[in-house]
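Asks: First, the structure itself, so that you have it in front of you.
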Amino acid sequence: MEEKVVKVQVKSIAQSPLKLRLVVDTVRGKSVEDALAILSILRKKGTETVSKAILSGVANAREIYSVDKGDLVVNKVTVDEARTLKRTRFGSRGRVSRIDKRRSHINLELKVK
């Protein structure tokens, strides 16, 4: 019997991968209901996007395999670096310094128990 897996990708999130990985590491390996409960308590900026990605995966699993939320587990989650926006800011003594606005991609994989 083949494994039932649902994959979700969220691209170009306006948050650095380092900060988003802190949120994702708390959820990895948990059941979907536990993961959503943890994300509702956690006070970080990235919790909203990660929970939306999980809910999107739940909706996909319901459509494809007709599985309920309680039967899903967060199997793999990775946060990769996306394109960095480069901005400039004027510094002291007539200099210009560069600001990197980092973005990230979330790759999420939900597995049926």
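Residue numbering restarts at 1 for every chain of the structure tokens, chains are lettered A, B, ... in their displayed order, and ligands are numbered from 1 as they appear.
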Can you list every residue in chain A that DSSP puts in strand (DSSP E), as JSON, numbers by chain?

Replies: {"A": [5, 6, 7, 8, 9, 10, 11, 12, 13, 72, 73, 74, 75, 76, 77, 78, 79, 80, 81, 85, 86, 87, 88, 89, 90, 96, 97, 98, 99, 100, 101, 104, 105, 106, 107, 108, 109, 110, 111, 112]}

Asks: May I have the selected residues written with N, CA and C atoms, as a compact mmCIF listing (two decimals), in the first residue's frame?

Replies:
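Once written, out_36.txt looks like this:
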# COMPACT_ATOMS: atom_id res chain seq x y z
N VAL A 5 0.33 11.07 1.04
CA VAL A 5 1.07 12.28 1.41
C VAL A 5 0.49 13.46 0.65
N VAL A 6 0.38 14.60 1.34
CA VAL A 6 -0.07 15.85 0.72
C VAL A 6 1.03 16.88 0.87
N LYS A 7 1.39 17.53 -0.24
CA LYS A 7 2.46 18.53 -0.21
C LYS A 7 1.88 19.93 -0.42
N VAL A 8 2.45 20.89 0.32
CA VAL A 8 2.03 22.29 0.22
C VAL A 8 3.28 23.15 0.11
N GLN A 9 3.24 24.14 -0.78
CA GLN A 9 4.33 25.11 -0.90
C GLN A 9 3.75 26.51 -0.74
N VAL A 10 4.40 27.30 0.11
CA VAL A 10 4.05 28.71 0.24
C VAL A 10 5.29 29.49 -0.11
N LYS A 11 5.18 30.37 -1.10
CA LYS A 11 6.37 31.03 -1.62
C LYS A 11 6.38 32.53 -1.30
N SER A 12 7.58 33.06 -1.19
CA SER A 12 7.86 34.49 -1.00
C SER A 12 7.12 35.08 0.20
N ILE A 13 7.37 34.51 1.37
CA ILE A 13 6.82 35.05 2.60
C ILE A 13 7.77 36.15 3.07
N LEU A 72 -4.13 13.29 10.31
CA LEU A 72 -2.95 13.81 9.60
C LEU A 72 -1.83 14.15 10.57
N VAL A 73 -0.59 13.97 10.09
CA VAL A 73 0.61 14.29 10.87
C VAL A 73 1.50 15.19 10.01
N VAL A 74 2.14 16.19 10.64
CA VAL A 74 3.11 17.03 9.94
C VAL A 74 4.38 16.21 9.78
N ASN A 75 4.62 15.72 8.57
CA ASN A 75 5.72 14.80 8.32
C ASN A 75 7.03 15.54 8.13
N LYS A 76 7.09 16.40 7.12
CA LYS A 76 8.30 17.16 6.83
C LYS A 76 7.95 18.63 6.67
N VAL A 77 8.76 19.49 7.24
CA VAL A 77 8.60 20.93 7.04
C VAL A 77 9.99 21.52 6.87
N THR A 78 10.20 22.25 5.78
CA THR A 78 11.46 22.96 5.59
C THR A 78 11.17 24.39 5.23
N VAL A 79 12.09 25.26 5.62
CA VAL A 79 12.01 26.67 5.25
C VAL A 79 13.25 27.00 4.45
N ASP A 80 13.06 27.40 3.21
CA ASP A 80 14.17 27.71 2.33
C ASP A 80 14.22 29.21 2.07
N GLU A 81 15.39 29.66 1.66
CA GLU A 81 15.56 31.08 1.40
C GLU A 81 15.02 31.42 0.01
N LEU A 85 15.26 41.02 -1.28
CA LEU A 85 15.09 42.37 -1.80
C LEU A 85 16.20 43.25 -1.25
N LYS A 86 16.89 43.98 -2.12
CA LYS A 86 17.97 44.85 -1.68
C LYS A 86 17.50 46.30 -1.69
N ARG A 87 17.62 46.93 -0.55
CA ARG A 87 17.22 48.33 -0.40
C ARG A 87 18.40 49.14 0.12
N THR A 88 18.39 50.44 -0.10
CA THR A 88 19.47 51.29 0.38
C THR A 88 18.95 52.30 1.39
N ARG A 89 19.83 52.67 2.30
CA ARG A 89 19.50 53.68 3.30
C ARG A 89 20.71 54.59 3.43
N PHE A 90 20.45 55.88 3.56
CA PHE A 90 21.55 56.83 3.71
C PHE A 90 22.14 56.73 5.10
N VAL A 96 26.18 55.40 1.86
CA VAL A 96 24.93 54.67 1.65
C VAL A 96 25.16 53.24 2.12
N SER A 97 24.25 52.72 2.94
CA SER A 97 24.35 51.34 3.38
C SER A 97 23.21 50.53 2.78
N ARG A 98 23.43 49.22 2.65
CA ARG A 98 22.43 48.37 2.03
C ARG A 98 21.65 47.61 3.09
N ILE A 99 20.34 47.47 2.87
CA ILE A 99 19.48 46.68 3.74
C ILE A 99 18.96 45.51 2.93
N ASP A 100 19.15 44.30 3.46
CA ASP A 100 18.64 43.11 2.81
C ASP A 100 17.33 42.71 3.46
N LYS A 101 16.26 42.69 2.67
CA LYS A 101 14.97 42.24 3.17
C LYS A 101 14.78 40.79 2.71
N SER A 104 11.23 34.04 2.37
CA SER A 104 11.40 32.59 2.53
C SER A 104 10.26 31.81 1.88
N HIS A 105 10.54 30.53 1.61
CA HIS A 105 9.57 29.58 1.10
C HIS A 105 9.33 28.51 2.16
N ILE A 106 8.07 28.07 2.31
CA ILE A 106 7.76 26.95 3.21
C ILE A 106 7.39 25.74 2.36
N ASN A 107 8.03 24.61 2.62
CA ASN A 107 7.68 23.33 1.99
C ASN A 107 7.14 22.43 3.08
N LEU A 108 5.88 22.06 2.96
CA LEU A 108 5.19 21.31 4.01
C LEU A 108 4.69 19.99 3.44
N GLU A 109 4.81 18.94 4.22
CA GLU A 109 4.33 17.62 3.80
C GLU A 109 3.52 17.00 4.94
N LEU A 110 2.25 16.73 4.67
CA LEU A 110 1.37 16.08 5.64
C LEU A 110 1.18 14.63 5.25
N LYS A 111 1.21 13.74 6.25
CA LYS A 111 1.08 12.31 6.00
C LYS A 111 -0.13 11.78 6.76
N VAL A 112 -0.85 10.85 6.13
CA VAL A 112 -1.99 10.21 6.78
C VAL A 112 -1.47 9.14 7.72

Asks: Compile the contact shell of Ile38 in chain A as a CSV table (one decimal) with N, CA, C and O atoms, in the first residue's frame: residues with an atom at most 12 Å away, counting only C-alpha atoms, same-chain residues fewer than 2 positions apart removed.

Replies:
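Printed below is out-v3.csv as written:
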chain,number,residue,atom,x,y,z
A,23,VAL,N,9.6,28.9,14.3
A,23,VAL,CA,8.2,28.5,14.4
A,23,VAL,C,8.0,27.1,13.9
A,23,VAL,O,7.3,26.3,14.5
A,24,VAL,N,8.6,26.8,12.8
A,24,VAL,CA,8.4,25.5,12.1
A,24,VAL,C,9.0,24.4,12.9
A,24,VAL,O,8.4,23.3,13.0
A,25,ASP,N,10.1,24.6,13.6
A,25,ASP,CA,10.7,23.6,14.4
A,25,ASP,C,9.8,23.1,15.6
A,25,ASP,O,9.9,22.0,16.0
A,26,THR,N,8.9,24.0,16.1
A,26,THR,CA,8.0,23.6,17.2
A,26,THR,C,6.9,22.6,16.7
A,26,THR,O,6.3,21.9,17.5
A,27,VAL,N,6.6,22.6,15.4
A,27,VAL,CA,5.5,21.9,14.8
A,27,VAL,C,5.9,20.6,14.2
A,27,VAL,O,5.1,19.7,14.1
A,28,ARG,N,7.1,20.4,13.8
A,28,ARG,CA,7.6,19.3,13.0
A,28,ARG,C,7.4,18.0,13.8
A,28,ARG,O,7.7,17.9,15.0
A,30,LYS,N,4.5,16.6,14.8
A,30,LYS,CA,3.3,16.6,15.6
A,30,LYS,C,2.1,16.3,14.8
A,30,LYS,O,2.1,16.4,13.5
A,31,SER,N,1.0,15.9,15.4
A,31,SER,CA,-0.3,15.8,14.7
A,31,SER,C,-0.8,17.2,14.3
A,31,SER,O,-0.4,18.1,14.9
A,32,VAL,N,-1.7,17.2,13.3
A,32,VAL,CA,-2.2,18.5,12.8
A,32,VAL,C,-2.9,19.3,13.9
A,32,VAL,O,-2.7,20.5,14.1
A,33,GLU,N,-3.7,18.6,14.7
A,33,GLU,CA,-4.5,19.2,15.8
A,33,GLU,C,-3.6,19.8,16.8
A,33,GLU,O,-3.8,20.9,17.3
A,34,ASP,N,-2.5,19.0,17.2
A,34,ASP,CA,-1.5,19.5,18.2
A,34,ASP,C,-0.8,20.7,17.6
A,34,ASP,O,-0.5,21.7,18.3
A,35,ALA,N,-0.4,20.6,16.3
A,35,ALA,CA,0.4,21.7,15.7
A,35,ALA,C,-0.4,23.0,15.7
A,35,ALA,O,0.1,24.1,16.0
A,36,LEU,N,-1.7,22.9,15.3
A,36,LEU,CA,-2.5,24.1,15.3
A,36,LEU,C,-2.7,24.7,16.7
A,36,LEU,O,-2.8,25.9,16.9
A,40,SER,N,-1.5,28.5,17.9
A,40,SER,CA,-2.4,29.5,18.4
A,40,SER,C,-1.9,30.1,19.6
A,40,SER,O,-2.2,31.3,20.0
A,41,ILE,N,-1.0,29.4,20.4
A,41,ILE,CA,-0.5,29.9,21.6
A,41,ILE,C,0.8,30.7,21.4
A,41,ILE,O,1.1,31.7,22.1
A,42,LEU,N,1.6,30.3,20.4
A,42,LEU,CA,2.9,30.9,20.2
A,42,LEU,C,2.8,32.3,19.7
A,42,LEU,O,2.0,32.7,18.9
A,43,ARG,N,3.7,33.2,20.3
A,43,ARG,CA,3.7,34.6,19.9
A,43,ARG,C,4.8,35.0,19.0
A,43,ARG,O,5.8,35.6,19.4
A,44,LYS,N,4.7,34.6,17.8
A,44,LYS,CA,5.7,34.9,16.7
A,44,LYS,C,4.9,35.4,15.5
A,44,LYS,O,3.8,35.0,15.3
A,47,THR,N,3.6,32.5,12.8
A,47,THR,CA,2.7,31.5,13.2
A,47,THR,C,1.4,31.5,12.3
A,47,THR,O,0.9,30.4,12.0
A,48,GLU,N,1.0,32.7,11.9
A,48,GLU,CA,-0.2,32.8,11.0
A,48,GLU,C,0.1,32.1,9.7
A,48,GLU,O,-0.8,31.4,9.2
A,50,VAL,N,2.3,29.8,8.8
A,50,VAL,CA,2.5,28.4,9.0
A,50,VAL,C,1.2,27.7,9.2
A,50,VAL,O,0.9,26.6,8.7
A,51,SER,N,0.3,28.3,10.1
A,51,SER,CA,-1.0,27.6,10.3
A,51,SER,C,-1.9,27.7,9.1
A,51,SER,O,-2.6,26.7,8.8

Asks: Using CA of Ala14 in chain A and CA of Asn60 in chain A as the two end points, give the distance in Å to one decimal.

Replies: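 Computed distance, CA of Ala14 in chain A to CA of Asn60 in chain A, equals 24.1 Å.
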
Asks: Just to confirm, what's the straight-line distance from CA of Lys113 in chain A to CA of Asp71 in chain A in Å (one decimal)?

Replies: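 Computed distance, CA of Lys113 in chain A to CA of Asp71 in chain A, equals 5.5 Å.
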
Asks: Given only C-alpha atoms as the basis, pick out the residue of A:Lys4, A:Gly70, A:Ser56, A:Leu20 nearest to Arg102 in chain A.

Replies: A:Leu20
